[in-house]
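The file run_38.pdb contains PDB, N, CA and C atoms:
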ATOM      1  N   MET A 754      11.052 -10.404 -16.361
ATOM      2  CA  MET A 754      10.435  -9.199 -15.863
ATOM      3  C   MET A 754       9.285  -9.607 -14.944
ATOM      4  N   SER A 755       9.130  -8.884 -13.863
ATOM      5  CA  SER A 755       8.038  -9.152 -12.936
ATOM      6  C   SER A 755       7.093  -7.954 -12.912
ATOM      7  N   ILE A 756       5.810  -8.270 -12.873
ATOM      8  CA  ILE A 756       4.760  -7.260 -12.931
ATOM      9  C   ILE A 756       3.794  -7.474 -11.771
ATOM     10  N   ALA A 757       3.486  -6.408 -11.043
ATOM     11  CA  ALA A 757       2.421  -6.459 -10.042
ATOM     12  C   ALA A 757       1.144  -5.976 -10.708
ATOM     13  N   VAL A 758       0.068  -6.700 -10.474
ATOM     14  CA  VAL A 758      -1.246  -6.312 -10.994
ATOM     15  C   VAL A 758      -2.147  -6.061  -9.797
ATOM     16  N   VAL A 759      -2.591  -4.820  -9.647
ATOM     17  CA  VAL A 759      -3.548  -4.510  -8.584
ATOM     18  C   VAL A 759      -4.925  -4.862  -9.130
ATOM     19  N   ASP A 760      -5.582  -5.793  -8.447
ATOM     20  CA  ASP A 760      -6.802  -6.426  -8.947
ATOM     21  C   ASP A 760      -8.057  -5.638  -8.588
ATOM     22  N   TYR A 761      -8.572  -4.906  -9.573
ATOM     23  CA  TYR A 761      -9.855  -4.217  -9.438
ATOM     24  C   TYR A 761     -10.919  -4.961 -10.233
ATOM     25  N   GLY A 762     -10.665  -6.233 -10.517
ATOM     26  CA  GLY A 762     -11.573  -7.039 -11.328
ATOM     27  C   GLY A 762     -10.873  -7.526 -12.581
ATOM     28  N   VAL A 763      -9.581  -7.788 -12.460
ATOM     29  CA  VAL A 763      -8.762  -8.175 -13.609
ATOM     30  C   VAL A 763      -9.319  -9.428 -14.280
ATOM     31  N   LYS A 764      -9.245  -9.444 -15.574
ATOM     32  CA  LYS A 764      -9.694 -10.592 -16.345
ATOM     33  C   LYS A 764      -8.545 -11.604 -16.434
ATOM     34  N   THR A 765      -8.894 -12.884 -16.358
ATOM     35  CA  THR A 765      -7.904 -13.948 -16.403
ATOM     36  C   THR A 765      -7.046 -13.863 -17.657
ATOM     37  N   ASN A 766      -7.643 -13.442 -18.768
ATOM     38  CA  ASN A 766      -6.901 -13.364 -20.018
ATOM     39  C   ASN A 766      -5.754 -12.353 -19.946
ATOM     40  N   ILE A 767      -5.920 -11.272 -19.192
ATOM     41  CA  ILE A 767      -4.846 -10.293 -19.036
ATOM     42  C   ILE A 767      -3.660 -10.941 -18.324
ATOM     43  N   LEU A 768      -3.938 -11.687 -17.260
ATOM     44  CA  LEU A 768      -2.878 -12.368 -16.522
ATOM     45  C   LEU A 768      -2.201 -13.404 -17.411
ATOM     46  N   ARG A 769      -2.992 -14.170 -18.134
ATOM     47  CA  ARG A 769      -2.453 -15.192 -19.035
ATOM     48  C   ARG A 769      -1.568 -14.552 -20.105
ATOM     49  N   SER A 770      -2.012 -13.450 -20.671
ATOM     50  CA  SER A 770      -1.246 -12.772 -21.714
ATOM     51  C   SER A 770       0.105 -12.285 -21.187
ATOM     52  N   LEU A 771       0.118 -11.747 -19.996
ATOM     53  CA  LEU A 771       1.386 -11.302 -19.402
ATOM     54  C   LEU A 771       2.321 -12.487 -19.180
ATOM     55  N   ARG A 772       1.780 -13.595 -18.666
ATOM     56  CA  ARG A 772       2.609 -14.786 -18.422
ATOM     57  C   ARG A 772       3.132 -15.377 -19.720
ATOM     58  N   GLU A 773       2.301 -15.390 -20.767
ATOM     59  CA  GLU A 773       2.737 -15.910 -22.061
ATOM     60  C   GLU A 773       3.876 -15.092 -22.638
ATOM     61  N   ARG A 774       3.995 -13.844 -22.225
ATOM     62  CA  ARG A 774       5.067 -12.966 -22.701
ATOM     63  C   ARG A 774       6.287 -13.015 -21.787
ATOM     64  N   GLY A 775       6.295 -13.979 -20.878
ATOM     65  CA  GLY A 775       7.457 -14.204 -20.036
ATOM     66  C   GLY A 775       7.498 -13.426 -18.741
ATOM     67  N   CYS A 776       6.410 -12.789 -18.374
ATOM     68  CA  CYS A 776       6.385 -12.010 -17.135
ATOM     69  C   CYS A 776       6.039 -12.897 -15.944
ATOM     70  N   ARG A 777       6.678 -12.610 -14.830
ATOM     71  CA  ARG A 777       6.257 -13.184 -13.555
ATOM     72  C   ARG A 777       5.207 -12.224 -13.033
ATOM     73  N   VAL A 778       4.014 -12.734 -12.754
ATOM     74  CA  VAL A 778       2.892 -11.870 -12.378
ATOM     75  C   VAL A 778       2.572 -12.053 -10.898
ATOM     76  N   VAL A 779       2.521 -10.945 -10.180
ATOM     77  CA  VAL A 779       2.131 -10.931  -8.776
ATOM     78  C   VAL A 779       0.824 -10.157  -8.697
ATOM     79  N   VAL A 780      -0.239 -10.827  -8.267
ATOM     80  CA  VAL A 780      -1.549 -10.171  -8.163
ATOM     81  C   VAL A 780      -1.729  -9.670  -6.736
ATOM     82  N   LEU A 781      -2.035  -8.383  -6.619
ATOM     83  CA  LEU A 781      -2.273  -7.763  -5.321
ATOM     84  C   LEU A 781      -3.750  -7.392  -5.193
ATOM     85  N   GLN A 782      -4.275  -7.452  -3.985
ATOM     86  CA  GLN A 782      -5.666  -7.088  -3.753
ATOM     87  C   GLN A 782      -5.892  -5.613  -4.044
ATOM     88  N   HIS A 783      -7.144  -5.263  -4.297
ATOM     89  CA  HIS A 783      -7.476  -3.873  -4.617
ATOM     90  C   HIS A 783      -7.192  -2.915  -3.455
ATOM     91  N   THR A 784      -6.970  -3.454  -2.288
ATOM     92  CA  THR A 784      -6.663  -2.628  -1.119
ATOM     93  C   THR A 784      -5.160  -2.444  -0.916
ATOM     94  N   ALA A 785      -4.348  -2.910  -1.857
ATOM     95  CA  ALA A 785      -2.892  -2.837  -1.724
ATOM     96  C   ALA A 785      -2.430  -1.387  -1.586
ATOM     97  N   THR A 786      -1.446  -1.190  -0.752
ATOM     98  CA  THR A 786      -0.847   0.130  -0.565
ATOM     99  C   THR A 786       0.429   0.210  -1.400
ATOM    100  N   TRP A 787       0.989   1.411  -1.474
ATOM    101  CA  TRP A 787       2.256   1.564  -2.203
ATOM    102  C   TRP A 787       3.336   0.710  -1.543
ATOM    103  N   ALA A 788       3.297   0.589  -0.219
ATOM    104  CA  ALA A 788       4.263  -0.256   0.494
ATOM    105  C   ALA A 788       4.136  -1.716   0.052
ATOM    106  N   ASP A 789       2.899  -2.179  -0.195
ATOM    107  CA  ASP A 789       2.684  -3.551  -0.685
ATOM    108  C   ASP A 789       3.312  -3.739  -2.061
ATOM    109  N   VAL A 790       3.165  -2.735  -2.922
ATOM    110  CA  VAL A 790       3.748  -2.801  -4.263
ATOM    111  C   VAL A 790       5.268  -2.844  -4.158
ATOM    112  N   GLU A 791       5.835  -1.980  -3.338
ATOM    113  CA  GLU A 791       7.291  -1.976  -3.170
ATOM    114  C   GLU A 791       7.792  -3.293  -2.588
ATOM    115  N   ALA A 792       7.051  -3.873  -1.646
ATOM    116  CA  ALA A 792       7.455  -5.132  -1.021
ATOM    117  C   ALA A 792       7.447  -6.294  -2.009
ATOM    118  N   ALA A 793       6.638  -6.189  -3.049
ATOM    119  CA  ALA A 793       6.576  -7.250  -4.060
ATOM    120  C   ALA A 793       7.832  -7.280  -4.924
ATOM    121  N   LYS A 794       8.631  -6.221  -4.883
ATOM    122  CA  LYS A 794       9.893  -6.129  -5.638
ATOM    123  C   LYS A 794       9.690  -6.491  -7.109
ATOM    124  N   VAL A 795       8.842  -5.718  -7.761
ATOM    125  CA  VAL A 795       8.512  -5.959  -9.164
ATOM    126  C   VAL A 795       9.135  -4.881 -10.054
ATOM    127  N   ASP A 796       9.170  -5.177 -11.345
ATOM    128  CA  ASP A 796       9.717  -4.244 -12.324
ATOM    129  C   ASP A 796       8.678  -3.278 -12.873
ATOM    130  N   GLY A 797       7.399  -3.659 -12.767
ATOM    131  CA  GLY A 797       6.346  -2.824 -13.330
ATOM    132  C   GLY A 797       5.047  -2.989 -12.574
ATOM    133  N   LEU A 798       4.112  -2.113 -12.863
ATOM    134  CA  LEU A 798       2.826  -2.094 -12.167
ATOM    135  C   LEU A 798       1.692  -1.902 -13.164
ATOM    136  N   VAL A 799       0.648  -2.730 -13.015
ATOM    137  CA  VAL A 799      -0.568  -2.596 -13.814
ATOM    138  C   VAL A 799      -1.728  -2.401 -12.845
ATOM    139  N   LEU A 800      -2.497  -1.343 -13.059
ATOM    140  CA  LEU A 800      -3.750  -1.159 -12.324
ATOM    141  C   LEU A 800      -4.833  -1.677 -13.237
ATOM    142  N   SER A 801      -5.400  -2.827 -12.879
ATOM    143  CA  SER A 801      -6.345  -3.485 -13.779
ATOM    144  C   SER A 801      -7.661  -2.727 -13.857
ATOM    145  N   ASN A 802      -8.339  -2.958 -14.961
ATOM    146  CA  ASN A 802      -9.702  -2.448 -15.061
ATOM    147  C   ASN A 802     -10.599  -3.362 -14.233
ATOM    148  N   GLY A 803     -11.811  -2.973 -14.045
ATOM    149  CA  GLY A 803     -12.711  -3.780 -13.246
ATOM    150  C   GLY A 803     -14.088  -3.811 -13.854
ATOM    151  N   PRO A 804     -14.998  -4.464 -13.150
ATOM    152  CA  PRO A 804     -16.356  -4.568 -13.664
ATOM    153  C   PRO A 804     -17.106  -3.240 -13.636
ATOM    154  N   VAL A 805     -16.635  -2.314 -12.808
ATOM    155  CA  VAL A 805     -17.234  -0.980 -12.731
ATOM    156  C   VAL A 805     -16.117   0.036 -12.622
ATOM    157  N   THR A 806     -16.420   1.280 -12.900
ATOM    158  CA  THR A 806     -15.439   2.332 -12.729
ATOM    159  C   THR A 806     -15.369   2.690 -11.260
ATOM    160  N   LEU A 807     -14.172   2.614 -10.702
ATOM    161  CA  LEU A 807     -13.992   2.927  -9.288
ATOM    162  C   LEU A 807     -13.409   4.324  -9.171
ATOM    163  N   LEU A 808     -14.124   5.209  -8.539
ATOM    164  CA  LEU A 808     -13.657   6.570  -8.303
ATOM    165  C   LEU A 808     -13.811   6.883  -6.825
ATOM    166  N   CYS A 809     -12.938   7.715  -6.334
ATOM    167  CA  CYS A 809     -13.107   8.187  -4.956
ATOM    168  C   CYS A 809     -14.390   9.004  -4.904
ATOM    169  N   SER A 810     -15.089   8.928  -3.816
ATOM    170  CA  SER A 810     -16.367   9.615  -3.729
ATOM    171  C   SER A 810     -16.217  11.133  -3.765
ATOM    172  N   THR A 811     -15.032  11.626  -3.448
ATOM    173  CA  THR A 811     -14.835  13.073  -3.429
ATOM    174  C   THR A 811     -14.167  13.604  -4.696
ATOM    175  N   GLY A 812     -13.863  12.735  -5.637
ATOM    176  CA  GLY A 812     -13.198  13.163  -6.868
ATOM    177  C   GLY A 812     -12.175  12.151  -7.312
ATOM    178  N   PRO A 813     -11.313  12.528  -8.248
ATOM    179  CA  PRO A 813     -10.308  11.596  -8.763
ATOM    180  C   PRO A 813      -9.365  11.101  -7.673
ATOM    181  N   CYS A 814      -8.917   9.871  -7.804
ATOM    182  CA  CYS A 814      -7.949   9.291  -6.877
ATOM    183  C   CYS A 814      -6.545   9.550  -7.394
ATOM    184  N   SER A 815      -5.582   9.582  -6.511
ATOM    185  CA  SER A 815      -4.202   9.760  -6.946
ATOM    186  C   SER A 815      -3.300   8.807  -6.176
ATOM    187  N   LEU A 816      -2.197   8.434  -6.825
ATOM    188  CA  LEU A 816      -1.181   7.615  -6.178
ATOM    189  C   LEU A 816      -0.111   8.537  -5.616
ATOM    190  N   PRO A 817       0.604   8.077  -4.582
ATOM    191  CA  PRO A 817       1.700   8.891  -4.076
ATOM    192  C   PRO A 817       2.730   9.125  -5.171
ATOM    193  N   SER A 818       3.353  10.256  -5.183
ATOM    194  CA  SER A 818       4.348  10.546  -6.215
ATOM    195  C   SER A 818       5.663   9.887  -5.830
ATOM    196  N   THR A 819       5.904   8.720  -6.409
ATOM    197  CA  THR A 819       7.121   7.961  -6.171
ATOM    198  C   THR A 819       7.703   7.604  -7.522
ATOM    199  N   ARG A 820       8.971   7.822  -7.686
ATOM    200  CA  ARG A 820       9.617   7.515  -8.958
ATOM    201  C   ARG A 820      10.104   6.092  -8.950
ATOM    202  N   TRP A 821       9.913   5.401 -10.075
ATOM    203  CA  TRP A 821      10.486   4.071 -10.246
ATOM    204  C   TRP A 821      11.936   4.243 -10.622
ATOM    205  N   ALA A 822      12.786   3.463 -10.028
ATOM    206  CA  ALA A 822      14.231   3.548 -10.342
ATOM    207  C   ALA A 822      14.540   2.811 -11.619
TER     208      ALA A 822
END

Kindly return the structure encoded in the file as structure tokens.
Amino acid sequence: MSIAVVDYGVKTNILRSLRERGCRVVVLQHTATWADVEAAKVDGLVLSNGPVTLLCSTGPCSLPSTRWA
């Protein structure tokens, strides 16, 4: 199984834990777009926690509504 992790300050232990469970981990920068996630051709997606809470200045952020096949 392959997992993309969008890095908002991901802890190394999270990446290590995923790899220990047999996952191929692809780390994407916090600026990654949905197209970047799709291009990584992964089975799953993790939005990592970070050192601070990141919110859009105008309110909650949302991802495009795309269904995983």

Inset, instruction - Take the PyMOL selection byres (((chain A and resi 790 and name CA) around 10) and name CA), apply it to the structure above, and return the hits as a list of chain:residue names. - result: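 Answer for the PyMOL selection byres (((chain A and resi 790 and name CA) around 10) and name CA): A:Ile756, A:Ala757, A:Val758, A:Val759, A:Val779, A:Val780, A:Leu781, A:Ala785, A:Thr786, A:Trp787, A:Ala788, A:Asp789, A:Glu791, A:Ala792, A:Ala793, A:Lys794, A:Val795, A:Gly797, A:Leu798.
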
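The spacing separating atom N of Lys764 of chain A from atom N of Gln782 of chain A amounts to 12.8 Å.
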
Would you write out, as a JSON list (two decimals) with N, CA and C atoms, in the coordinates of the input, every residue that the PyMOL selection byres ((chain A and resi 762) around 7) captures in this file?
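selection.json, freshly written:
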[["chain", "number", "residue", "atom", "x", "y", "z"],
["A", 759, "VAL", "N", -2.59, -4.82, -9.65],
["A", 759, "VAL", "CA", -3.55, -4.51, -8.58],
["A", 759, "VAL", "C", -4.92, -4.86, -9.13],
["A", 760, "ASP", "N", -5.58, -5.79, -8.45],
["A", 760, "ASP", "CA", -6.80, -6.43, -8.95],
["A", 760, "ASP", "C", -8.06, -5.64, -8.59],
["A", 761, "TYR", "N", -8.57, -4.91, -9.57],
["A", 761, "TYR", "CA", -9.86, -4.22, -9.44],
["A", 761, "TYR", "C", -10.92, -4.96, -10.23],
["A", 763, "VAL", "N", -9.58, -7.79, -12.46],
["A", 763, "VAL", "CA", -8.76, -8.18, -13.61],
["A", 763, "VAL", "C", -9.32, -9.43, -14.28],
["A", 764, "LYS", "N", -9.24, -9.44, -15.57],
["A", 764, "LYS", "CA", -9.69, -10.59, -16.34],
["A", 764, "LYS", "C", -8.54, -11.60, -16.43],
["A", 765, "THR", "N", -8.89, -12.88, -16.36],
["A", 765, "THR", "CA", -7.90, -13.95, -16.40],
["A", 765, "THR", "C", -7.05, -13.86, -17.66],
["A", 801, "SER", "N", -5.40, -2.83, -12.88],
["A", 801, "SER", "CA", -6.34, -3.48, -13.78],
["A", 801, "SER", "C", -7.66, -2.73, -13.86],
["A", 802, "ASN", "N", -8.34, -2.96, -14.96],
["A", 802, "ASN", "CA", -9.70, -2.45, -15.06],
["A", 802, "ASN", "C", -10.60, -3.36, -14.23],
["A", 803, "GLY", "N", -11.81, -2.97, -14.04],
["A", 803, "GLY", "CA", -12.71, -3.78, -13.25],
["A", 803, "GLY", "C", -14.09, -3.81, -13.85],
["A", 804, "PRO", "N", -15.00, -4.46, -13.15],
["A", 804, "PRO", "CA", -16.36, -4.57, -13.66],
["A", 804, "PRO", "C", -17.11, -3.24, -13.64]]

Hey, can I get the axis-aligned box for segment 759-774 of chain A? All listed atoms, 5 Å padding on each side, centre and edge lengths in Å to one decimal, as lines of an AutoDock Vina configuration file.
center_x = -2.6
center_y = -10.1
center_z = -15.6
size_x = 27.9
size_y = 21.7
size_z = 24.3

Inset, instruction - Quote the spacing between atom CA of Val778 of chain A and atom CA of Ser755 of chain A in Å to one decimal place. - result: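 Distance between the two atoms: 5.8 Å.
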
Legend entry - Gap from atom CA of Asp796 of chain A to atom CA of Cys776 of chain A - Å, one decimal: 9.7 Å

Inset, instruction - Enumerate, as number ranges by chain, the complete set of residues in segment 754-799 of chain A that a backbone-based DSSP assignment places in strand (DSSP E). - result: A: 755-759, 777-781, 797-799

Would you put the residues from that selection into a file with N, CA and C atoms, as a tab-separated table (two decimals), in the coordinates of the input?
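The resulting file, result25.tsv, is reproduced below:
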chain	number	residue	atom	x	y	z
A	755	SER	N	9.13	-8.88	-13.86
A	755	SER	CA	8.04	-9.15	-12.94
A	755	SER	C	7.09	-7.95	-12.91
A	756	ILE	N	5.81	-8.27	-12.87
A	756	ILE	CA	4.76	-7.26	-12.93
A	756	ILE	C	3.79	-7.47	-11.77
A	757	ALA	N	3.49	-6.41	-11.04
A	757	ALA	CA	2.42	-6.46	-10.04
A	757	ALA	C	1.14	-5.98	-10.71
A	758	VAL	N	0.07	-6.70	-10.47
A	758	VAL	CA	-1.25	-6.31	-10.99
A	758	VAL	C	-2.15	-6.06	-9.80
A	759	VAL	N	-2.59	-4.82	-9.65
A	759	VAL	CA	-3.55	-4.51	-8.58
A	759	VAL	C	-4.92	-4.86	-9.13
A	777	ARG	N	6.68	-12.61	-14.83
A	777	ARG	CA	6.26	-13.18	-13.56
A	777	ARG	C	5.21	-12.22	-13.03
A	778	VAL	N	4.01	-12.73	-12.75
A	778	VAL	CA	2.89	-11.87	-12.38
A	778	VAL	C	2.57	-12.05	-10.90
A	779	VAL	N	2.52	-10.94	-10.18
A	779	VAL	CA	2.13	-10.93	-8.78
A	779	VAL	C	0.82	-10.16	-8.70
A	780	VAL	N	-0.24	-10.83	-8.27
A	780	VAL	CA	-1.55	-10.17	-8.16
A	780	VAL	C	-1.73	-9.67	-6.74
A	781	LEU	N	-2.04	-8.38	-6.62
A	781	LEU	CA	-2.27	-7.76	-5.32
A	781	LEU	C	-3.75	-7.39	-5.19
A	797	GLY	N	7.40	-3.66	-12.77
A	797	GLY	CA	6.35	-2.82	-13.33
A	797	GLY	C	5.05	-2.99	-12.57
A	798	LEU	N	4.11	-2.11	-12.86
A	798	LEU	CA	2.83	-2.09	-12.17
A	798	LEU	C	1.69	-1.90	-13.16
A	799	VAL	N	0.65	-2.73	-13.02
A	799	VAL	CA	-0.57	-2.60	-13.81
A	799	VAL	C	-1.73	-2.40	-12.84
